[in-house]
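One structure is given here, and the rest of the page talks about it.
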Amino acid sequence: MGRRVLAIDGGSPIRREVLPYGRHQIEEEDIEAVARALRSSWLTGGPRVAEFEEAFAAAVGARHAVSFSSGTAGLHAAGFAAGLDASREAITTPLTFCAPANAVLYHGARVRFADVQAASLAIDPARVASLVNERTRALLPVDYAGQAADLTALMELATERDLVVIEDACQALGAAHRGRAVGSIAHMTVFSLHPVKHLTTGEGGMVTTDSEHYARRLRSFRNHGIDAAAREKSGTDWYYEMQELGFNYRLPDFACALGRSQLPRLAPLLERRRRIAAVYDDRLAKLPAVLAPSEPEAGQGSWHLYPIRLRLERLRVDRDAVLRALRAEGIGAAVHFIPVHLHPYYARLGFARGLCPVAEQAYRELISLPIFPAMSERDIDDVVTALGEILEHYAR
Ligand SMILES: *Cc1c(COP(=O)(O)O)cnc(C)c1O
């Protein structure tokens with residue numbers, strides 16, 4: 001049986017149109033919901049904001065949900081609510097998008113990176129504990145790829161050392177930890193509503209909390225630091241008091257209409273992602289150069305990403321060469337993530353290679369395969385076929 005010539009070597013690609021690693025899904029009913037909002041008298045600051053927030057809070061089992069113009073804005077606000085300032089430190093993971101670390105720096109606080117665990121690629125609670133000192137105020141674990149971090153250990157540590165846990169669940173809407181929904185566990189949980197995430201409002205974010213105090217601080221920060229109670233107390237509609245330095249991080253009504261419309265479809269969307277992950281698990285088990293992502297607790301992940309690791313000792317080439325070959329076949333694979341402390345900005349702050357060796361090694365091996373609800377069995381087939389042929393071609 002003659003082997004196919006890889007597309008990167010001039011052969012014809014497995015797919016003509018590139019399969020992206022993620023893609024949003026908008027239904028006709030979502031478009032109608034947005035159109036209704038646009039025809040109403042409220043474009044922003046109207047009733048759809050609270051409607052979406054209440055439905056979201058109920059969906060994750062939290063008392064309060066506060067919407068933001070992005071997940072990053074939500075992280076910024078959560079840091080404010082937690083009391084981060086220039087005299088404080090916060091600890092986060094290096095193996096993530098830059099937003100959680102940036103959110104610490106926005107407050108002038110010092111960011112510390114705790115390396116990840118080799119199997120889960122989630123922040124290692126033991127390393128976190130070793131970095132906690134009297135200046136530490138907050139922990140920012142990230143639910144990598146949609147798998148909850150070790151929230152039990154981190155919440156215990158937080159209680160012991162009087163810290164605030166701000167969980168970055170931007171990839172983990174619908175995930176759970178020990179049977180509890182993500183969004184109902186940490187002091188504050190931050191979600192993103194960017195199009196590549198589980199639900200989208202175009203741009204947008206949500207912070208959930210059970211604390212009345214945090215919810216009030218979050219709402220104030222979202223609206224220039226203006227205290228809503230002062231207006232109510234004044235008995236007029238023009239009076240307000242700015243009490244803190246906040247921002248305009250509000251999410252418009254038509255965006256909330258879009259999010260509210262999609263929310264009831266979360267369960268089937270998650271089901272589809274889990275099914276795709278299970279098919280990958282099964283079919284990739286036959287590829288000796290692939291280490292499939294681990295799910296710390298079966299059936300609890302939300303599978304925002306499906307990040308495989310290459311066993312480089314079995315290959316003649318590096319990860320970048322495999323990624324290039326996949327792209328040539330029309331498979332839009334990606335890499336999540338470049339460790340945050342290796343970005344030039346963080347290097348200029350003094351963070352250096354070698355700080356988090358587990359994350360740095362994982363970065364050399366990681367490839368995110370396409371995963372999104374609208375993927376067909378045929379799409380999955382193309383990914384597995386392309387990857388199998390490429391890895392066989394480059395096998396040592
Ligand atoms: C997407 C994402 C963010 C940022 O969310 P935005 O809504 O794009 O600001 C933050 N952290 C993680 C882990 C993410 O995946």
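Ordering of the structure tokens sets the chain letters (A, B, ...), residue numbers begin anew at 1 in every chain, and ligands are numbered from 1 in the order given.
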**Request:** Give me every alpha helix (DSSP H) residue in region 120-295 of chain A, going by DSSP on the backbone, as an NGL selection string.
**Result:** :A and (125-131 or 151-161 or 212-222 or 228-234 or 253-262 or 266-284)
**Request:** Find the residues near region 116-132 of chain A: any atom within 7 Å, counting only C-alpha atoms, skip ones fewer than 4 places away on the same chain, and give them as a ChimeraX atom specification.
**Result:** /A:91,93,136,141,143-144,149,153-154,294,296,358-359
Any idea what's packed within 12 Å of Arg219 (chain A), counting only C-alpha atoms, ignoring anything in its chain fewer than 2 positions away? Could you give it as an mmCIF file with N, CA, C and O atoms, in the first residue's frame?
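Result file follows (out_1.cif):
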```cif
data_model
loop_
_atom_site.group_PDB
_atom_site.id
_atom_site.type_symbol
_atom_site.label_atom_id
_atom_site.label_comp_id
_atom_site.auth_asym_id
_atom_site.auth_seq_id
_atom_site.Cartn_x
_atom_site.Cartn_y
_atom_site.Cartn_z
ATOM 1 N N ALA A 50 -30.123 42.445 33.527
ATOM 2 C CA ALA A 50 -30.462 41.693 34.746
ATOM 3 C C ALA A 50 -31.049 40.325 34.408
ATOM 4 O O ALA A 50 -30.773 39.335 35.101
ATOM 5 N N GLU A 53 -28.158 38.103 33.618
ATOM 6 C CA GLU A 53 -27.378 37.836 34.834
ATOM 7 C C GLU A 53 -28.080 36.839 35.743
ATOM 8 O O GLU A 53 -27.454 35.914 36.277
ATOM 9 N N HIS A 64 -25.066 35.514 42.762
ATOM 10 C CA HIS A 64 -24.991 36.723 41.937
ATOM 11 C C HIS A 64 -24.181 36.452 40.682
ATOM 12 O O HIS A 64 -23.207 35.696 40.730
ATOM 13 N N ALA A 65 -24.580 37.110 39.586
ATOM 14 C CA ALA A 65 -23.756 37.133 38.379
ATOM 15 C C ALA A 65 -23.713 38.582 37.913
ATOM 16 O O ALA A 65 -24.753 39.252 37.866
ATOM 17 N N VAL A 66 -22.519 39.074 37.624
ATOM 18 C CA VAL A 66 -22.347 40.459 37.186
ATOM 19 C C VAL A 66 -21.698 40.424 35.802
ATOM 20 O O VAL A 66 -20.614 39.859 35.638
ATOM 21 N N SER A 67 -22.383 41.025 34.824
ATOM 22 C CA SER A 67 -21.885 40.963 33.448
ATOM 23 C C SER A 67 -20.841 42.044 33.201
ATOM 24 O O SER A 67 -20.869 43.113 33.835
ATOM 25 N N PHE A 68 -19.934 41.769 32.269
ATOM 26 C CA PHE A 68 -18.862 42.691 31.894
ATOM 27 C C PHE A 68 -18.685 42.688 30.381
ATOM 28 O O PHE A 68 -19.172 41.798 29.697
ATOM 29 N N ALA A 73 -12.156 42.156 31.485
ATOM 30 C CA ALA A 73 -12.726 43.199 32.346
ATOM 31 C C ALA A 73 -13.236 42.575 33.647
ATOM 32 O O ALA A 73 -13.071 43.155 34.730
ATOM 33 N N GLY A 74 -13.826 41.396 33.546
ATOM 34 C CA GLY A 74 -14.303 40.682 34.737
ATOM 35 C C GLY A 74 -13.151 40.325 35.668
ATOM 36 O O GLY A 74 -13.266 40.451 36.902
ATOM 37 N N ALA A 77 -11.998 43.494 37.389
ATOM 38 C CA ALA A 77 -12.945 43.877 38.433
ATOM 39 C C ALA A 77 -12.846 42.951 39.650
ATOM 40 O O ALA A 77 -12.933 43.407 40.801
ATOM 41 N N ALA A 78 -12.637 41.670 39.401
ATOM 42 C CA ALA A 78 -12.547 40.713 40.518
ATOM 43 C C ALA A 78 -11.313 41.029 41.372
ATOM 44 O O ALA A 78 -11.357 40.923 42.603
ATOM 45 N N PHE A 80 -10.091 43.958 41.793
ATOM 46 C CA PHE A 80 -10.492 45.142 42.564
ATOM 47 C C PHE A 80 -11.331 44.729 43.772
ATOM 48 O O PHE A 80 -11.078 45.157 44.908
ATOM 49 N N ALA A 81 -12.327 43.882 43.520
ATOM 50 C CA ALA A 81 -13.206 43.453 44.606
ATOM 51 C C ALA A 81 -12.423 42.719 45.690
ATOM 52 O O ALA A 81 -12.730 42.821 46.874
ATOM 53 N N MET A 206 -18.575 37.405 32.482
ATOM 54 C CA MET A 206 -19.499 37.312 33.619
ATOM 55 C C MET A 206 -18.689 36.908 34.846
ATOM 56 O O MET A 206 -17.794 36.060 34.727
ATOM 57 N N VAL A 207 -18.986 37.516 35.968
ATOM 58 C CA VAL A 207 -18.361 37.093 37.228
ATOM 59 C C VAL A 207 -19.466 36.621 38.148
ATOM 60 O O VAL A 207 -20.450 37.343 38.366
ATOM 61 N N THR A 208 -19.317 35.419 38.696
ATOM 62 C CA THR A 208 -20.321 34.910 39.628
ATOM 63 C C THR A 208 -19.725 34.859 41.031
ATOM 64 O O THR A 208 -18.522 34.656 41.206
ATOM 65 N N THR A 209 -20.580 35.061 42.012
ATOM 66 C CA THR A 209 -20.150 35.029 43.420
ATOM 67 C C THR A 209 -21.365 34.808 44.312
ATOM 68 O O THR A 209 -22.491 35.148 43.940
ATOM 69 N N GLU A 212 -22.505 39.036 48.662
ATOM 70 C CA GLU A 212 -23.172 40.310 48.413
ATOM 71 C C GLU A 212 -22.129 41.440 48.304
ATOM 72 O O GLU A 212 -22.206 42.315 47.443
ATOM 73 N N HIS A 213 -21.135 41.359 49.176
ATOM 74 C CA HIS A 213 -20.075 42.369 49.219
ATOM 75 C C HIS A 213 -19.303 42.421 47.896
ATOM 76 O O HIS A 213 -19.131 43.484 47.297
ATOM 77 N N TYR A 214 -18.866 41.258 47.417
ATOM 78 C CA TYR A 214 -18.132 41.232 46.144
ATOM 79 C C TYR A 214 -19.027 41.692 44.996
ATOM 80 O O TYR A 214 -18.589 42.422 44.112
ATOM 81 N N ALA A 215 -20.280 41.246 44.995
ATOM 82 C CA ALA A 215 -21.191 41.608 43.903
ATOM 83 C C ALA A 215 -21.331 43.131 43.821
ATOM 84 O O ALA A 215 -21.311 43.716 42.738
ATOM 85 N N ARG A 216 -21.440 43.782 44.985
ATOM 86 C CA ARG A 216 -21.580 45.234 45.006
ATOM 87 C C ARG A 216 -20.312 45.913 44.469
ATOM 88 O O ARG A 216 -20.372 46.834 43.674
ATOM 89 N N ARG A 217 -19.155 45.413 44.898
ATOM 90 C CA ARG A 217 -17.877 45.975 44.425
ATOM 91 C C ARG A 217 -17.710 45.774 42.913
ATOM 92 O O ARG A 217 -17.217 46.659 42.216
ATOM 93 N N PHE A 221 -17.376 48.799 40.171
ATOM 94 C CA PHE A 221 -16.190 48.896 39.315
ATOM 95 C C PHE A 221 -16.574 48.948 37.844
ATOM 96 O O PHE A 221 -15.941 49.632 37.036
ATOM 97 N N ARG A 222 -17.642 48.235 37.488
ATOM 98 C CA ARG A 222 -18.118 48.173 36.104
ATOM 99 C C ARG A 222 -18.657 49.525 35.644
ATOM 100 O O ARG A 222 -18.746 49.809 34.464
ATOM 101 N N ASN A 223 -19.036 50.336 36.609
ATOM 102 C CA ASN A 223 -19.711 51.598 36.273
ATOM 103 C C ASN A 223 -19.017 52.785 36.943
ATOM 104 O O ASN A 223 -19.620 53.507 37.722
ATOM 105 N N HIS A 224 -17.712 52.960 36.642
ATOM 106 C CA HIS A 224 -16.936 54.134 37.082
ATOM 107 C C HIS A 224 -16.760 54.259 38.590
ATOM 108 O O HIS A 224 -16.362 55.313 39.065
ATOM 109 N N GLY A 225 -17.093 53.209 39.338
ATOM 110 C CA GLY A 225 -16.989 53.327 40.787
ATOM 111 C C GLY A 225 -18.148 54.103 41.393
ATOM 112 O O GLY A 225 -18.050 54.617 42.505
ATOM 113 N N ILE A 226 -19.246 54.162 40.636
ATOM 114 C CA ILE A 226 -20.418 54.902 41.115
ATOM 115 C C ILE A 226 -21.257 54.006 42.023
ATOM 116 O O ILE A 226 -21.534 52.850 41.689
ATOM 117 N N ASP A 227 -21.631 54.552 43.135
ATOM 118 C CA ASP A 227 -22.368 53.832 44.164
ATOM 119 C C ASP A 227 -23.871 53.946 43.872
ATOM 120 O O ASP A 227 -24.431 55.047 43.895
ATOM 121 N N ALA A 228 -24.494 52.829 43.570
ATOM 122 C CA ALA A 228 -25.907 52.843 43.184
ATOM 123 C C ALA A 228 -26.801 53.258 44.343
ATOM 124 O O ALA A 228 -27.855 53.870 44.149
ATOM 125 N N ALA A 229 -26.377 52.953 45.575
ATOM 126 C CA ALA A 229 -27.232 53.217 46.736
ATOM 127 C C ALA A 229 -27.464 54.717 46.933
ATOM 128 O O ALA A 229 -28.552 55.136 47.345
ATOM 129 N N GLU A 244 -15.250 55.271 44.092
ATOM 130 C CA GLU A 244 -14.005 54.548 43.803
ATOM 131 C C GLU A 244 -13.624 54.827 42.356
ATOM 132 O O GLU A 244 -14.457 55.289 41.579
ATOM 133 N N GLY A 246 -13.419 53.512 39.045
ATOM 134 C CA GLY A 246 -13.867 52.359 38.264
ATOM 135 C C GLY A 246 -13.716 52.612 36.776
ATOM 136 O O GLY A 246 -13.022 53.540 36.358
ATOM 137 N N PHE A 247 -14.376 51.779 35.999
ATOM 138 C CA PHE A 247 -14.264 51.844 34.537
ATOM 139 C C PHE A 247 -15.659 51.770 33.926
ATOM 140 O O PHE A 247 -16.637 51.576 34.642
ATOM 141 N N ASN A 248 -15.752 51.930 32.595
ATOM 142 C CA ASN A 248 -16.982 51.567 31.917
ATOM 143 C C ASN A 248 -16.758 50.202 31.302
ATOM 144 O O ASN A 248 -16.121 50.069 30.257
ATOM 145 N N TYR A 249 -17.248 49.171 31.971
ATOM 146 C CA TYR A 249 -17.079 47.784 31.526
ATOM 147 C C TYR A 249 -18.446 47.131 31.311
ATOM 148 O O TYR A 249 -18.609 45.939 31.509
ATOM 149 N N ARG A 250 -19.456 47.948 30.931
ATOM 150 C CA ARG A 250 -20.818 47.407 30.839
ATOM 151 C C ARG A 250 -21.024 46.598 29.553
ATOM 152 O O ARG A 250 -20.422 46.882 28.521
ATOM 153 N N LEU A 251 -21.914 45.637 29.631
ATOM 154 C CA LEU A 251 -22.302 44.817 28.485
ATOM 155 C C LEU A 251 -23.663 45.324 27.991
ATOM 156 O O LEU A 251 -24.593 45.435 28.777
#
```
**Prompt:** Hey, what's within 8 Å of Asp210 (chain A) if we count only C-alpha atoms and toss same-chain stuff fewer than 3 positions away? As a ChimeraX atom specification, please?
**Reply:** /A:62-64,184,187-188,215
Step by step, measure atom-to-atom distances between ligand 1 and each residue using only C-alpha atoms and all ligand atoms, keep those at most 10 Å, then write them as an mmCIF file with C-alpha atoms, in the first residue's frame.
```cif
data_model
loop_
_atom_site.group_PDB
_atom_site.id
_atom_site.type_symbol
_atom_site.label_atom_id
_atom_site.label_comp_id
_atom_site.auth_asym_id
_atom_site.auth_seq_id
_atom_site.Cartn_x
_atom_site.Cartn_y
_atom_site.Cartn_z
ATOM 1 C CA PHE A 68 -18.862 42.691 31.894
ATOM 2 C CA SER A 69 -17.742 43.831 28.466
ATOM 3 C CA SER A 70 -15.165 41.012 28.400
ATOM 4 C CA GLY A 71 -13.766 38.208 30.524
ATOM 5 C CA THR A 72 -10.644 40.320 30.963
ATOM 6 C CA ALA A 73 -12.726 43.199 32.346
ATOM 7 C CA GLY A 74 -14.303 40.682 34.737
ATOM 8 C CA LEU A 75 -10.842 39.574 35.924
ATOM 9 C CA HIS A 76 -9.811 43.208 36.386
ATOM 10 C CA THR A 93 -0.555 29.826 36.405
ATOM 11 C CA LEU A 95 0.031 27.993 31.183
ATOM 12 C CA THR A 96 -2.809 30.238 30.110
ATOM 13 C CA PHE A 97 -3.820 33.241 28.081
ATOM 14 C CA CYS A 98 -2.140 36.416 29.364
ATOM 15 C CA ALA A 99 -5.384 37.944 30.758
ATOM 16 C CA PRO A 100 -5.314 36.693 34.391
ATOM 17 C CA ALA A 101 -1.689 37.786 34.945
ATOM 18 C CA ASN A 102 -2.364 41.114 33.216
ATOM 19 C CA ALA A 103 -5.378 41.653 35.481
ATOM 20 C CA PRO A 141 -6.264 29.429 39.151
ATOM 21 C CA VAL A 142 -7.310 28.781 35.554
ATOM 22 C CA ASP A 143 -9.517 25.892 34.473
ATOM 23 C CA TYR A 144 -7.181 24.850 31.667
ATOM 24 C CA ALA A 145 -8.983 23.663 28.517
ATOM 25 C CA GLY A 146 -12.242 23.521 30.495
ATOM 26 C CA GLU A 167 -11.155 31.352 39.442
ATOM 27 C CA ASP A 168 -10.537 32.032 35.760
ATOM 28 C CA ALA A 169 -13.211 29.803 34.260
ATOM 29 C CA CYS A 170 -13.141 31.606 30.908
ATOM 30 C CA GLN A 171 -12.837 28.170 29.269
ATOM 31 C CA ALA A 172 -14.963 26.240 31.728
ATOM 32 C CA VAL A 190 -14.854 34.679 35.880
ATOM 33 C CA PHE A 191 -16.288 33.528 32.539
ATOM 34 C CA SER A 192 -15.635 34.782 29.012
ATOM 35 C CA LEU A 193 -18.319 35.182 26.358
ATOM 36 C CA HIS A 194 -15.892 35.565 23.455
ATOM 37 C CA PRO A 195 -17.035 33.732 20.262
ATOM 38 C CA VAL A 196 -14.550 30.882 20.692
ATOM 39 C CA LYS A 197 -15.914 30.045 24.182
ATOM 40 C CA THR A 200 -20.981 34.165 23.190
ATOM 41 C CA THR A 201 -22.173 37.759 23.330
ATOM 42 C CA GLY A 202 -19.618 38.845 20.702
ATOM 43 C CA GLU A 203 -17.350 40.204 23.404
ATOM 44 C CA GLY A 204 -18.404 39.791 26.996
ATOM 45 C CA GLY A 205 -17.764 38.284 30.400
ATOM 46 C CA MET A 206 -19.499 37.312 33.619
ATOM 47 C CA HIS A 304 -13.158 24.104 25.509
ATOM 48 C CA LEU A 305 -9.936 22.708 24.042
ATOM 49 C CA HIS A 336 -2.463 26.725 24.037
ATOM 50 C CA PHE A 337 -0.507 28.303 25.537
#
```
**Message:** Using DSSP secondary structure from the backbone, list all strand (DSSP E or B) positions within region 227-391 of chain A, as a list of chain:residue names.
**Reply:**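 The residues of region 227-391 of chain A classed as strand (DSSP E or B) are A:Asp227, A:Glu241, A:Met242, A:Asn248, A:Val290, A:Leu291, A:Tyr306, A:Pro307, A:Ile308, A:Arg309, A:Leu310, A:Leu315, A:Ile331, A:Ala334, A:Leu366, A:Ile367, A:Ser368, A:Leu369.
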Please dump the current selection as a PDB file, in the first residue's frame; keep C-alpha atoms.
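Written output follows (selection_11.pdb):
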```pdb
ATOM      1  CA  ASP A 227     -22.368  53.832  44.164  1.00  0.00           C
ATOM      2  CA  GLU A 241     -21.684  59.582  43.966  1.00  0.00           C
ATOM      3  CA  MET A 242     -18.446  58.280  42.566  1.00  0.00           C
ATOM      4  CA  ASN A 248     -16.982  51.567  31.917  1.00  0.00           C
ATOM      5  CA  VAL A 290       0.261  11.122  21.195  1.00  0.00           C
ATOM      6  CA  LEU A 291      -0.529  11.733  24.848  1.00  0.00           C
ATOM      7  CA  TYR A 306      -8.651  19.246  23.217  1.00  0.00           C
ATOM      8  CA  PRO A 307      -4.906  19.701  23.834  1.00  0.00           C
ATOM      9  CA  ILE A 308      -2.777  16.672  22.985  1.00  0.00           C
ATOM     10  CA  ARG A 309       0.894  16.388  23.883  1.00  0.00           C
ATOM     11  CA  LEU A 310       3.402  14.896  21.459  1.00  0.00           C
ATOM     12  CA  LEU A 315       9.437  11.801  16.495  1.00  0.00           C
ATOM     13  CA  ILE A 331      -6.538  21.118   9.959  1.00  0.00           C
ATOM     14  CA  ALA A 334      -3.319  25.658  17.421  1.00  0.00           C
ATOM     15  CA  LEU A 366       1.152  20.858  23.013  1.00  0.00           C
ATOM     16  CA  ILE A 367      -1.203  20.949  20.045  1.00  0.00           C
ATOM     17  CA  SER A 368      -4.897  21.839  20.361  1.00  0.00           C
ATOM     18  CA  LEU A 369      -6.984  19.807  17.941  1.00  0.00           C
TER      19      LEU A 369
END
```
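Nearest to Pro339 (chain A) of all the residues A:Gln243, A:Gln300, A:Thr92, A:Ser220 is A:Thr92, based on only C-alpha atoms.
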